[in-house]
$ cat target_33.pdb   # PDB, C-alpha atoms and all ligand atoms
ATOM      1  CA  MET A   5       0.000   0.000   0.000
ATOM      2  CA  ASP A   6       1.325   3.404  -1.037
ATOM      3  CA  ILE A   7       0.353   6.646   0.722
ATOM      4  CA  VAL A   8       1.416  10.182  -0.156
ATOM      5  CA  PHE A   9       1.331  13.015   2.406
ATOM      6  CA  ALA A  10       0.884  16.498   0.907
ATOM      7  CA  SER A  11       0.370  19.510   3.136
ATOM      8  CA  ALA A  12       1.944  22.770   2.021
ATOM      9  CA  GLN A  13       1.185  24.423   5.365
ATOM     10  CA  GLU A  14       2.638  21.748   7.611
ATOM     11  CA  ALA A  15       5.822  23.006   9.275
ATOM     12  CA  GLU A  16       6.947  19.521  10.314
ATOM     13  CA  PRO A  17       5.722  17.086   7.657
ATOM     14  CA  GLN A  18       8.297  14.514   8.747
ATOM     15  CA  ALA A  19       6.582  14.141  12.136
ATOM     16  CA  TRP A  20       3.319  13.293  10.347
ATOM     17  CA  ILE A  21       5.082  10.824   8.075
ATOM     18  CA  GLU A  22       6.610   9.070  11.101
ATOM     19  CA  ALA A  23       3.247   8.974  12.885
ATOM     20  CA  LEU A  24       1.572   7.492   9.792
ATOM     21  CA  ARG A  25       4.358   4.900   9.476
ATOM     22  CA  ASP A  26       3.855   3.895  13.124
ATOM     23  CA  ALA A  27       0.104   3.613  12.651
ATOM     24  CA  LEU A  28       0.326   1.736   9.344
ATOM     25  CA  PRO A  29       3.370  -0.556   9.507
ATOM     26  CA  GLY A  30       4.054  -2.116   6.145
ATOM     27  CA  ALA A  31       2.645   0.807   4.149
ATOM     28  CA  ARG A  32       4.978   2.886   1.980
ATOM     29  CA  ILE A  33       4.455   6.454   3.145
ATOM     30  CA  ARG A  34       6.150   9.307   1.389
ATOM     31  CA  LEU A  35       6.175  13.055   1.364
ATOM     32  CA  TRP A  36       4.878  14.799  -1.742
ATOM     33  CA  GLY A  37       7.783  16.024  -3.870
ATOM     34  CA  ASP A  38      10.510  14.056  -2.010
ATOM     35  CA  GLY A  39      11.965  12.764  -5.282
ATOM     36  CA  GLN A  40      10.752   9.166  -4.844
ATOM     37  CA  PRO A  41       8.867   7.477  -7.701
ATOM     38  CA  GLU A  42       5.343   8.882  -8.103
ATOM     39  CA  GLY A  43       2.117   7.642  -9.612
ATOM     40  CA  HIS A  44       1.533   4.635  -7.355
ATOM     41  CA  ALA A  45      -0.274   6.168  -4.368
ATOM     42  CA  ASP A  46      -3.452   4.423  -3.224
ATOM     43  CA  PHE A  47      -4.310   7.113  -0.720
ATOM     44  CA  ALA A  48      -3.397  10.771  -0.226
ATOM     45  CA  VAL A  49      -3.459  12.553   3.137
ATOM     46  CA  VAL A  50      -3.672  16.270   2.429
ATOM     47  CA  TRP A  51      -4.250  19.837   3.502
ATOM     48  CA  ALA A  52      -4.280  22.419   0.691
ATOM     49  CA  PRO A  53      -2.614  19.967  -1.727
ATOM     50  CA  PRO A  54      -0.834  20.973  -4.950
ATOM     51  CA  ALA A  55      -2.904  21.536  -8.081
ATOM     52  CA  ASP A  56      -1.240  18.710 -10.009
ATOM     53  CA  LEU A  57      -1.898  16.034  -7.367
ATOM     54  CA  PHE A  58      -4.403  14.152  -9.511
ATOM     55  CA  VAL A  59      -2.222  14.253 -12.625
ATOM     56  CA  ARG A  60       0.808  12.927 -10.787
ATOM     57  CA  GLU A  61      -1.149  10.437  -8.646
ATOM     58  CA  PRO A  62      -3.820   9.035 -10.965
ATOM     59  CA  ARG A  63      -4.436   5.796  -9.021
ATOM     60  CA  LEU A  64      -5.804   7.259  -5.789
ATOM     61  CA  ARG A  65      -8.567   5.272  -4.101
ATOM     62  CA  ALA A  66      -9.422   7.974  -1.540
ATOM     63  CA  LEU A  67      -8.322  11.443  -0.461
ATOM     64  CA  PHE A  68      -8.125  12.093   3.294
ATOM     65  CA  ASN A  69      -8.390  15.701   4.426
ATOM     66  CA  LEU A  70      -6.407  16.797   7.484
ATOM     67  CA  GLY A  71      -9.293  19.026   8.526
ATOM     68  CA  ALA A  72     -13.050  18.945   8.847
ATOM     69  CA  GLY A  73     -13.783  21.585   6.179
ATOM     70  CA  VAL A  74     -13.470  20.323   2.609
ATOM     71  CA  ASP A  75     -14.504  23.499   0.766
ATOM     72  CA  ALA A  76     -10.969  24.021  -0.614
ATOM     73  CA  LEU A  77     -10.678  20.385  -1.736
ATOM     74  CA  LEU A  78     -13.922  20.593  -3.667
ATOM     75  CA  CYS A  79     -12.458  23.463  -5.733
ATOM     76  CA  LEU A  80      -9.274  21.583  -6.660
ATOM     77  CA  PRO A  81      -8.702  21.500 -10.410
ATOM     78  CA  GLY A  82      -8.889  17.997 -11.847
ATOM     79  CA  LEU A  83     -10.558  16.462  -8.774
ATOM     80  CA  PRO A  84     -11.979  13.194 -10.161
ATOM     81  CA  ASP A  85     -15.777  12.986  -9.761
ATOM     82  CA  ASP A  86     -15.676   9.503  -8.344
ATOM     83  CA  LEU A  87     -12.760   9.892  -5.912
ATOM     84  CA  PRO A  88     -14.026   9.532  -2.334
ATOM     85  CA  LEU A  89     -13.091  12.566  -0.192
ATOM     86  CA  VAL A  90     -12.921  11.864   3.507
ATOM     87  CA  ARG A  91     -13.164  14.686   6.015
ATOM     88  CA  LEU A  92     -11.717  14.560   9.499
ATOM     89  CA  GLU A  93     -14.370  13.796  12.063
ATOM     90  CA  ASP A  94     -13.400  15.778  15.147
ATOM     91  CA  GLY A  95      -9.686  14.843  15.484
ATOM     92  CA  GLY A  96      -9.519  16.787  18.762
ATOM     93  CA  MET A  97     -11.003  19.933  17.237
ATOM     94  CA  ALA A  98     -14.412  19.970  18.888
ATOM     95  CA  VAL A  99     -13.182  20.429  22.444
ATOM     96  CA  GLN A 100     -10.874  23.259  21.332
ATOM     97  CA  MET A 101     -13.749  24.988  19.549
ATOM     98  CA  ALA A 102     -15.798  24.684  22.715
ATOM     99  CA  GLU A 103     -12.967  26.301  24.687
ATOM    100  CA  TYR A 104     -12.615  29.074  22.134
ATOM    101  CA  THR A 105     -16.322  29.820  22.271
ATOM    102  CA  LEU A 106     -16.474  29.761  26.057
ATOM    103  CA  TYR A 107     -13.506  32.120  26.292
ATOM    104  CA  HIS A 108     -15.253  34.782  24.227
ATOM    105  CA  LEU A 109     -18.704  34.145  25.680
ATOM    106  CA  LEU A 110     -17.375  34.484  29.234
ATOM    107  CA  HIS A 111     -15.302  37.529  28.359
ATOM    108  CA  GLU A 112     -18.426  39.356  27.206
ATOM    109  CA  SER A 113     -21.065  37.972  29.566
ATOM    110  CA  ARG A 114     -18.923  38.437  32.696
ATOM    111  CA  ASP A 115     -17.597  41.805  31.490
ATOM    112  CA  PHE A 116     -13.983  40.780  31.993
ATOM    113  CA  GLY A 117     -12.876  43.499  29.548
ATOM    114  CA  ARG A 118     -14.286  46.100  31.968
ATOM    115  CA  TYR A 119     -12.409  44.508  34.868
ATOM    116  CA  GLU A 120      -9.183  44.664  32.823
ATOM    117  CA  ARG A 121      -9.748  48.368  32.275
ATOM    118  CA  GLN A 122     -10.618  48.855  35.954
ATOM    119  CA  GLN A 123      -7.401  47.116  37.022
ATOM    120  CA  ALA A 124      -5.434  49.496  34.795
ATOM    121  CA  GLU A 125      -7.121  52.332  36.709
ATOM    122  CA  VAL A 126      -6.570  50.607  40.113
ATOM    123  CA  LEU A 127     -10.346  50.581  40.547
ATOM    124  CA  TRP A 128     -12.143  48.149  42.899
ATOM    125  CA  ARG A 129     -15.711  48.206  41.597
ATOM    126  CA  PRO A 130     -17.875  45.054  41.403
ATOM    127  CA  LEU A 131     -20.217  45.170  38.398
ATOM    128  CA  ASP A 132     -23.786  43.828  38.285
ATOM    129  CA  ASP A 133     -24.303  40.075  38.634
ATOM    130  CA  ILE A 134     -24.574  38.148  35.384
ATOM    131  CA  ASP A 135     -28.048  37.653  33.944
ATOM    132  CA  ARG A 136     -27.567  34.308  32.178
ATOM    133  CA  ALA A 137     -31.013  34.396  30.583
ATOM    134  CA  ALA A 138     -29.870  37.460  28.630
ATOM    135  CA  TRP A 139     -26.951  35.557  27.072
ATOM    136  CA  THR A 140     -28.735  33.204  24.723
ATOM    137  CA  VAL A 141     -26.249  31.214  22.662
ATOM    138  CA  GLY A 142     -27.100  30.004  19.156
ATOM    139  CA  VAL A 143     -24.771  27.617  17.366
ATOM    140  CA  LEU A 144     -25.024  27.376  13.577
ATOM    141  CA  GLY A 145     -24.174  23.733  12.858
ATOM    142  CA  ALA A 146     -25.184  20.631  14.791
ATOM    143  CA  GLY A 147     -22.534  18.102  13.752
ATOM    144  CA  ALA A 148     -19.704  16.889  16.006
ATOM    145  CA  MET A 149     -18.277  20.416  16.404
ATOM    146  CA  GLY A 150     -21.558  22.257  16.843
ATOM    147  CA  ALA A 151     -22.817  19.722  19.363
ATOM    148  CA  ARG A 152     -19.682  19.966  21.486
ATOM    149  CA  VAL A 153     -19.748  23.777  21.430
ATOM    150  CA  ALA A 154     -23.442  23.861  22.323
ATOM    151  CA  GLN A 155     -23.068  21.341  25.137
ATOM    152  CA  ALA A 156     -20.177  23.299  26.673
ATOM    153  CA  CYS A 157     -22.292  26.477  26.755
ATOM    154  CA  ALA A 158     -25.351  24.630  28.041
ATOM    155  CA  ALA A 159     -23.248  23.021  30.795
ATOM    156  CA  LEU A 160     -22.604  26.528  32.142
ATOM    157  CA  GLU A 161     -26.359  27.150  32.040
ATOM    158  CA  TYR A 162     -26.409  29.566  29.121
ATOM    159  CA  PRO A 163     -29.712  29.052  27.252
ATOM    160  CA  THR A 164     -28.411  27.312  24.153
ATOM    161  CA  ALA A 165     -29.833  26.375  20.763
ATOM    162  CA  VAL A 166     -28.449  24.788  17.615
ATOM    163  CA  TRP A 167     -29.505  25.257  14.027
ATOM    164  CA  SER A 168     -28.850  22.954  11.097
ATOM    165  CA  ARG A 169     -30.489  22.464   7.735
ATOM    166  CA  SER A 170     -31.949  19.128   8.850
ATOM    167  CA  GLY A 171     -32.870  20.223  12.382
ATOM    168  CA  ARG A 172     -30.635  17.598  14.000
ATOM    169  CA  SER A 173     -31.118  17.561  17.751
ATOM    170  CA  VAL A 174     -28.379  17.986  20.345
ATOM    171  CA  PRO A 175     -29.050  16.954  23.952
ATOM    172  CA  GLY A 176     -29.180  19.966  26.261
ATOM    173  CA  ALA A 177     -29.875  22.461  23.456
ATOM    174  CA  GLU A 178     -33.026  23.574  21.661
ATOM    175  CA  SER A 179     -32.924  22.466  18.025
ATOM    176  CA  TYR A 180     -34.028  24.451  15.004
ATOM    177  CA  GLY A 181     -33.973  23.412  11.364
ATOM    178  CA  GLY A 182     -34.522  24.683   7.826
ATOM    179  CA  GLU A 183     -35.236  28.197   6.587
ATOM    180  CA  ALA A 184     -38.259  28.747   8.830
ATOM    181  CA  GLY A 185     -36.349  27.492  11.846
ATOM    182  CA  LEU A 186     -33.509  29.889  11.098
ATOM    183  CA  VAL A 187     -35.749  32.926  11.607
ATOM    184  CA  ALA A 188     -36.891  31.717  15.045
ATOM    185  CA  PHE A 189     -33.355  30.628  15.944
ATOM    186  CA  LEU A 190     -31.839  34.035  15.140
ATOM    187  CA  ALA A 191     -34.617  35.897  16.945
ATOM    188  CA  ARG A 192     -33.735  34.148  20.233
ATOM    189  CA  THR A 193     -29.941  34.363  19.812
ATOM    190  CA  ARG A 194     -27.585  36.952  21.252
ATOM    191  CA  VAL A 195     -24.304  35.043  20.941
ATOM    192  CA  LEU A 196     -24.077  33.591  17.435
ATOM    193  CA  VAL A 197     -21.402  30.926  16.931
ATOM    194  CA  ASN A 198     -20.739  29.670  13.410
ATOM    195  CA  VAL A 199     -19.362  26.161  12.851
ATOM    196  CA  LEU A 200     -21.144  25.395   9.574
ATOM    197  CA  PRO A 201     -19.380  23.847   6.589
ATOM    198  CA  LEU A 202     -18.785  26.340   3.786
ATOM    199  CA  THR A 203     -21.083  25.437   0.891
ATOM    200  CA  ASP A 204     -22.964  27.332  -1.811
ATOM    201  CA  ALA A 205     -25.898  27.467   0.614
ATOM    202  CA  THR A 206     -23.965  28.835   3.599
ATOM    203  CA  ARG A 207     -21.530  31.242   1.916
ATOM    204  CA  GLY A 208     -22.220  34.750   3.228
ATOM    205  CA  ILE A 209     -24.640  33.564   5.923
ATOM    206  CA  LEU A 210     -23.084  35.996   8.420
ATOM    207  CA  CYS A 211     -24.503  39.061   6.719
ATOM    208  CA  ARG A 212     -26.586  42.165   7.440
ATOM    209  CA  ARG A 213     -29.869  40.255   7.191
ATOM    210  CA  THR A 214     -28.698  37.737   9.764
ATOM    211  CA  PHE A 215     -27.255  40.364  12.127
ATOM    212  CA  GLU A 216     -30.501  42.358  12.009
ATOM    213  CA  GLN A 217     -32.491  39.350  13.219
ATOM    214  CA  LEU A 218     -30.334  38.704  16.302
ATOM    215  CA  ARG A 219     -31.166  39.982  19.754
ATOM    216  CA  PRO A 220     -29.708  43.431  20.436
ATOM    217  CA  ASP A 221     -26.132  43.883  21.613
ATOM    218  CA  ALA A 222     -25.095  40.602  19.991
ATOM    219  CA  LEU A 223     -21.733  38.861  19.810
ATOM    220  CA  VAL A 224     -20.656  36.957  16.683
ATOM    221  CA  ILE A 225     -18.055  34.179  16.860
ATOM    222  CA  ASN A 226     -16.851  32.733  13.538
ATOM    223  CA  ILE A 227     -14.753  29.566  13.794
ATOM    224  CA  ALA A 228     -15.764  27.976  10.494
ATOM    225  CA  ARG A 229     -14.632  29.764   7.305
ATOM    226  CA  GLY A 230     -14.013  33.350   6.267
ATOM    227  CA  GLY A 231     -16.367  32.841   3.316
ATOM    228  CA  HIS A 232     -19.311  32.705   5.707
ATOM    229  CA  LEU A 233     -18.822  36.337   6.698
ATOM    230  CA  VAL A 234     -19.657  39.457   4.703
ATOM    231  CA  GLU A 235     -16.916  41.604   6.202
ATOM    232  CA  SER A 236     -18.407  44.991   5.293
ATOM    233  CA  ASP A 237     -21.741  43.957   6.858
ATOM    234  CA  LEU A 238     -19.957  43.035  10.083
ATOM    235  CA  LEU A 239     -18.261  46.425  10.294
ATOM    236  CA  ALA A 240     -21.547  48.207   9.567
ATOM    237  CA  ALA A 241     -23.373  46.189  12.249
ATOM    238  CA  LEU A 242     -20.658  47.025  14.789
ATOM    239  CA  ASP A 243     -20.791  50.714  13.824
ATOM    240  CA  SER A 244     -24.565  50.841  14.182
ATOM    241  CA  GLY A 245     -24.413  49.124  17.597
ATOM    242  CA  ARG A 246     -26.420  46.142  16.341
ATOM    243  CA  LEU A 247     -23.438  43.980  17.319
ATOM    244  CA  ARG A 248     -21.309  44.658  20.389
ATOM    245  CA  ALA A 249     -18.293  42.560  19.366
ATOM    246  CA  ALA A 250     -16.961  39.782  17.153
ATOM    247  CA  ALA A 251     -14.408  37.011  17.625
ATOM    248  CA  LEU A 252     -12.987  35.875  14.304
ATOM    249  CA  ASP A 253     -10.619  32.972  13.760
ATOM    250  CA  VAL A 254     -11.045  32.544   9.995
ATOM    251  CA  PHE A 255     -10.905  34.980   7.103
ATOM    252  CA  GLU A 256     -11.575  35.175   3.396
ATOM    253  CA  ARG A 257      -7.859  35.833   2.920
ATOM    254  CA  GLU A 258      -5.437  34.033   5.233
ATOM    255  CA  PRO A 259      -3.084  35.208   6.605
ATOM    256  CA  LEU A 260      -5.244  38.289   7.234
ATOM    257  CA  PRO A 261      -3.435  41.076   5.306
ATOM    258  CA  PRO A 262      -1.529  43.496   7.588
ATOM    259  CA  ALA A 263      -3.550  46.514   6.398
ATOM    260  CA  HIS A 264      -6.908  44.831   7.050
ATOM    261  CA  PRO A 265      -9.184  46.982   9.282
ATOM    262  CA  PHE A 266     -10.036  44.024  11.551
ATOM    263  CA  TRP A 267      -6.528  44.078  13.064
ATOM    264  CA  SER A 268      -6.940  47.459  14.708
ATOM    265  CA  ASP A 269     -10.650  47.342  15.552
ATOM    266  CA  ALA A 270     -11.042  47.110  19.346
ATOM    267  CA  ARG A 271     -14.451  45.459  18.926
ATOM    268  CA  ILE A 272     -12.992  42.557  16.950
ATOM    269  CA  ARG A 273     -10.778  39.833  18.390
ATOM    270  CA  VAL A 274      -8.624  38.216  15.713
ATOM    271  CA  THR A 275      -6.892  34.828  15.980
ATOM    272  CA  PRO A 276      -4.930  33.094  13.181
ATOM    273  CA  HIS A 277      -7.137  30.058  12.345
ATOM    274  CA  VAL A 278      -6.333  28.215  15.557
ATOM    275  CA  ALA A 279      -9.758  27.679  17.138
ATOM    276  CA  GLY A 280      -9.677  23.949  16.400
ATOM    277  CA  ALA A 281      -6.372  22.436  15.325
ATOM    278  CA  SER A 282      -6.227  18.818  14.129
ATOM    279  CA  LEU A 283      -4.189  16.973  16.766
ATOM    280  CA  MET A 284      -1.616  14.682  15.219
ATOM    281  CA  ASP A 285      -2.187  11.543  17.307
ATOM    282  CA  ARG A 286      -5.953  11.508  17.009
ATOM    283  CA  THR A 287      -5.919  12.543  13.367
ATOM    284  CA  VAL A 288      -3.427   9.879  12.309
ATOM    285  CA  ARG A 289      -5.247   7.176  14.320
ATOM    286  CA  GLN A 290      -8.552   8.084  12.661
ATOM    287  CA  ILE A 291      -7.121   8.142   9.139
ATOM    288  CA  ALA A 292      -5.144   4.911   9.668
ATOM    289  CA  ASP A 293      -8.251   3.126  11.000
ATOM    290  CA  LYS A 294     -10.229   4.247   7.967
ATOM    291  CA  ILE A 295      -7.531   3.186   5.508
ATOM    292  CA  GLN A 296      -7.435  -0.246   7.136
ATOM    293  CA  ALA A 297     -11.240  -0.444   7.005
ATOM    294  CA  LEU A 298     -11.220   0.451   3.285
ATOM    295  CA  ASN A 299      -8.621  -2.243   2.671
ATOM    296  CA  ARG A 300     -10.956  -4.734   4.336
ATOM    297  CA  GLY A 301     -13.701  -3.566   1.998
ATOM    298  CA  GLU A 302     -15.719  -1.888   4.759
ATOM    299  CA  VAL A 303     -17.786   1.258   4.514
ATOM    300  CA  ILE A 304     -16.301   4.230   6.412
ATOM    301  CA  SER A 305     -17.892   7.356   7.870
ATOM    302  CA  GLY A 306     -16.902  10.913   6.990
ATOM    303  CA  VAL A 307     -17.089  10.479   3.204
ATOM    304  CA  VAL A 308     -18.109  13.798   1.672
ATOM    305  CA  ASP A 309     -21.440  13.970  -0.107
ATOM    306  CA  ARG A 310     -20.527  15.985  -3.217
ATOM    307  CA  ASN A 311     -24.090  17.285  -3.587
ATOM    308  CA  ARG A 312     -24.250  18.589  -0.017
ATOM    309  CA  GLN A 313     -20.616  19.759  -0.255
ATOM    310  CA  TYR A 314     -19.639  18.407   3.166
TER     311      TYR A 314
HETATM  312  C1  LIG B 401     -10.690  22.428   9.462
HETATM  313  C2  LIG B 401      -9.952  23.621   9.851
HETATM  314  O1  LIG B 401     -11.391  22.455   8.442
HETATM  315  O2  LIG B 401      -9.048  23.508  10.704
HETATM  316  O3  LIG B 401     -10.594  21.424  10.161
HETATM  317  O4  LIG B 401     -10.218  24.693   9.359
END
$ encode --input "target_33.pdb" --output "structure tokens" --more "lines below"
Ligand code: OXD
Amino acid sequence: MDIVFASAQEAEPQAWIEALRDALPGARIRLWGDGQPEGHADFAVVWAPPADLFVREPRLRALFNLGAGVDALLCLPGLPDDLPLVRLEDGGMAVQMAEYTLYHLLHESRDFGRYERQQAEVLWRPLDDIDRAAWTVGVLGAGAMGARVAQACAALEYPTAVWSRSGRSVPGAESYGGEAGLVAFLARTRVLVNVLPLTDATRGILCRRTFEQLRPDALVINIARGGHLVESDLLAALDSGRLRAAALDVFEREPLPPAHPFWSDARIRVTPHVAGASLMDRTVRQIADKIQALNRGEVISGVVDRNRQY
């Protein structure tokens, strides 16, 4: 069995190669472009792979993504129609996304920013107690990530809901589904957390129309893809006071260009696409298990439905 690893953004590809070799003894695992003979790979493990992957590796049986979002893979030139794409299912990301969300939710709901300013002024002044009922959390997306985020917020007794196209339910959270459900979901939400896959249907979902339907003084947290957000609408909603703040981990252009207005906007917290990193051990174990299952002729989970785009 021949496996090629291709991730342009991976600083230490050799560590991944070693981990894959440990998990799949007997397989030939090589780094893309390492000068070894090409054209024999059965499987590719990738993140942002090179454009000529499918020309140089025409015998692939499946393509494993090192992340949950496959929007970039679906745009790859020459992607064969019948090649199974397999997304990462969790891989340690969900708990990190829950942490990320809680950090920003708590910062706003407990007014920790005010306490930071008060400390700078050497000011001992307790603020009003938190009114949890006023901090309704709404999570867009009810898959593994959305469920974990919602359950973390619900565990701290924030009234929490999830929305998905199908209306999938998540224990501990109210569930909403479809277009009609979205209206009711937004109307009850003050803290909007986006973990949706980026598809034709969800591109631009974080827009003026959405912001206008939220409860006043809302917080938006985007940990999915930059393509979900209409950046100018976010700035306008912050200017008008419709939104109080935003926490953004993902951007249309990454790295976020140095001159981008988000960097210097005190209402926006920027992080460099780190809300949910794929952890090497768990990721490699999951991919290795699936490769072994495919070799046994079994059906695996996480295969992308090309029509749904995730
Ligand atoms: C992912 C990501 O898709 O990290 O998993 O963005």
$ closest_atom_pairs --input "target_33.pdb" --of "chain A" --to "ligand LIG 401 (chain B)" --cutoff "12 Å" --atoms "only C-alpha atoms and all ligand atoms" --output "tab-separated table"
residue	atom	partner	partner_atom	distance
A:Gln13	CA	B:LIG401	O2	11.6
A:Val50	CA	B:LIG401	O1	11.6
A:Trp51	CA	B:LIG401	O1	9.1
A:Ala52	CA	B:LIG401	O1	10.5
A:Phe68	CA	B:LIG401	O3	11.8
A:Asn69	CA	B:LIG401	O3	8.4
A:Leu70	CA	B:LIG401	O3	6.8
A:Gly71	CA	B:LIG401	O3	3.2
A:Ala72	CA	B:LIG401	O3	3.7
A:Gly73	CA	B:LIG401	O1	3.4
A:Val74	CA	B:LIG401	O1	6.5
A:Asp75	CA	B:LIG401	O1	8.3
A:Ala76	CA	B:LIG401	O1	9.2
A:Leu77	CA	B:LIG401	O1	10.4
A:Val90	CA	B:LIG401	O1	11.8
A:Arg91	CA	B:LIG401	O3	8.3
A:Leu92	CA	B:LIG401	O3	7.0
A:Glu93	CA	B:LIG401	O3	8.7
A:Asp94	CA	B:LIG401	O3	8.0
A:Gly95	CA	B:LIG401	O3	8.5
A:Gly96	CA	B:LIG401	O3	9.8
A:Met97	CA	B:LIG401	O3	7.2
A:Ala98	CA	B:LIG401	O3	9.6
A:Gln100	CA	B:LIG401	O2	10.8
A:Met101	CA	B:LIG401	O2	10.1
A:Ala148	CA	B:LIG401	O3	11.7
A:Met149	CA	B:LIG401	O3	10.0
A:Val199	CA	B:LIG401	O1	9.8
A:Leu200	CA	B:LIG401	O1	10.2
A:Pro201	CA	B:LIG401	O1	8.3
A:Leu202	CA	B:LIG401	O1	9.6
A:Asn226	CA	B:LIG401	O4	11.2
A:Ile227	CA	B:LIG401	O4	8.0
A:Ala228	CA	B:LIG401	O4	6.5
A:Arg229	CA	B:LIG401	O4	7.0
A:Gly230	CA	B:LIG401	O4	9.9
A:Gly231	CA	B:LIG401	O4	11.9
A:Asp253	CA	B:LIG401	O4	9.4
A:Val254	CA	B:LIG401	O4	7.9
A:Phe255	CA	B:LIG401	O4	10.6
A:Glu258	CA	B:LIG401	O4	11.3
A:Pro276	CA	B:LIG401	O4	10.6
A:His277	CA	B:LIG401	O4	6.9
A:Val278	CA	B:LIG401	O2	7.3
A:Ala279	CA	B:LIG401	O2	7.7
A:Gly280	CA	B:LIG401	O2	5.7
A:Ala281	CA	B:LIG401	O2	5.4
A:Ser282	CA	B:LIG401	O3	6.5
A:Leu283	CA	B:LIG401	O2	10.2
A:Thr287	CA	B:LIG401	O3	10.5
A:Tyr314	CA	B:LIG401	O1	10.6
$ residues_around --input "target_33.pdb" --residues "region 203-216 of chain A" --least-positions-apart "4" --cutoff "6 Å" --atoms "all atoms listed in the file" --output "PyMOL selection string"
chain A and resi 231-234+237+313
$ residues_around --input "target_33.pdb" --residues "Pro88 (chain A)" --least-positions-apart "3" --cutoff "10 Å" --atoms "all atoms listed in the file" --output "JSON, numbers by chain"
{"A": [64, 65, 66, 67, 68, 84, 85, 91, 306, 307, 308, 309, 310]}
$ residues_near_point --input "target_33.pdb" --point "(-16.0, 31.4, 24.2)" --cutoff "12 Å" --atoms "only C-alpha atoms" --output "number ranges by chain"
A: 99-114, 141, 143, 153-154, 156-157, 160, 162, 195-198, 223-227, 250-253, 273, 279
$ resolve_selection --input "target_33.pdb" --expression "the PyMOL selection byres (((chain A and resi 194) around 9) and not hetatm)" --output "PyMOL selection string"
chain A and resi 138-142+190-193+195-196+218-224
$ atom_distance --input "target_33.pdb" --atom1 "CA of Gly43 (chain A)" --atom2 "CA of Arg60 (chain A)"
5.6 Å
$ resolve_selection --input "target_33.pdb" --expression "the PyMOL selection byres (((chain A and resi 176-182) around 7) and not hetatm)" --output "JSON, numbers by chain"
{"A": [154, 155, 158, 164, 165, 166, 167, 168, 169, 170, 171, 172, 173, 174, 175, 183, 184, 185, 186, 189]}
$ atom_distance --input "target_33.pdb" --atom1 "CA of Ile295 (chain A)" --atom2 "CA of Gly145 (chain A)"
27.4 Å
$ build_atoms --input "target_33.pdb" --residues "region 195-209 of chain A" --atoms "N, CA and C atoms" --output "short mmCIF file (atom, residue, chain, number, x, y, z; two decimals), in the frame of the given file"
data_model
loop_
_atom_site.label_atom_id
_atom_site.label_comp_id
_atom_site.auth_asym_id
_atom_site.auth_seq_id
_atom_site.Cartn_x
_atom_site.Cartn_y
_atom_site.Cartn_z
N VAL A 195 -25.69 35.42 21.24
CA VAL A 195 -24.30 35.04 20.94
C VAL A 195 -24.36 34.02 19.80
N LEU A 196 -23.96 34.45 18.62
CA LEU A 196 -24.08 33.59 17.43
C LEU A 196 -22.72 32.97 17.14
N VAL A 197 -22.66 31.65 17.16
CA VAL A 197 -21.40 30.93 16.93
C VAL A 197 -21.55 30.15 15.63
N ASN A 198 -20.63 30.37 14.70
CA ASN A 198 -20.74 29.67 13.41
C ASN A 198 -19.72 28.55 13.29
N VAL A 199 -20.24 27.31 13.13
CA VAL A 199 -19.36 26.16 12.85
C VAL A 199 -19.86 25.39 11.63
N LEU A 200 -20.58 26.07 10.76
CA LEU A 200 -21.14 25.40 9.57
C LEU A 200 -20.05 25.06 8.56
N PRO A 201 -20.27 24.03 7.74
CA PRO A 201 -19.38 23.85 6.59
C PRO A 201 -19.63 24.96 5.57
N LEU A 202 -18.60 25.32 4.82
CA LEU A 202 -18.78 26.34 3.79
C LEU A 202 -19.27 25.67 2.51
N THR A 203 -20.48 26.01 2.11
CA THR A 203 -21.08 25.44 0.89
C THR A 203 -21.73 26.59 0.12
N ASP A 204 -22.27 26.28 -1.05
CA ASP A 204 -22.96 27.33 -1.81
C ASP A 204 -24.11 27.89 -0.98
N ALA A 205 -24.73 27.03 -0.17
CA ALA A 205 -25.90 27.47 0.61
C ALA A 205 -25.52 28.29 1.84
N THR A 206 -24.30 28.12 2.36
CA THR A 206 -23.96 28.84 3.60
C THR A 206 -23.02 30.01 3.38
N ARG A 207 -22.45 30.12 2.17
CA ARG A 207 -21.53 31.24 1.92
C ARG A 207 -22.26 32.56 2.20
N GLY A 208 -21.64 33.43 2.96
CA GLY A 208 -22.22 34.75 3.23
C GLY A 208 -23.36 34.73 4.24
N ILE A 209 -23.50 33.65 4.99
CA ILE A 209 -24.64 33.56 5.92
C ILE A 209 -24.50 34.58 7.07
#
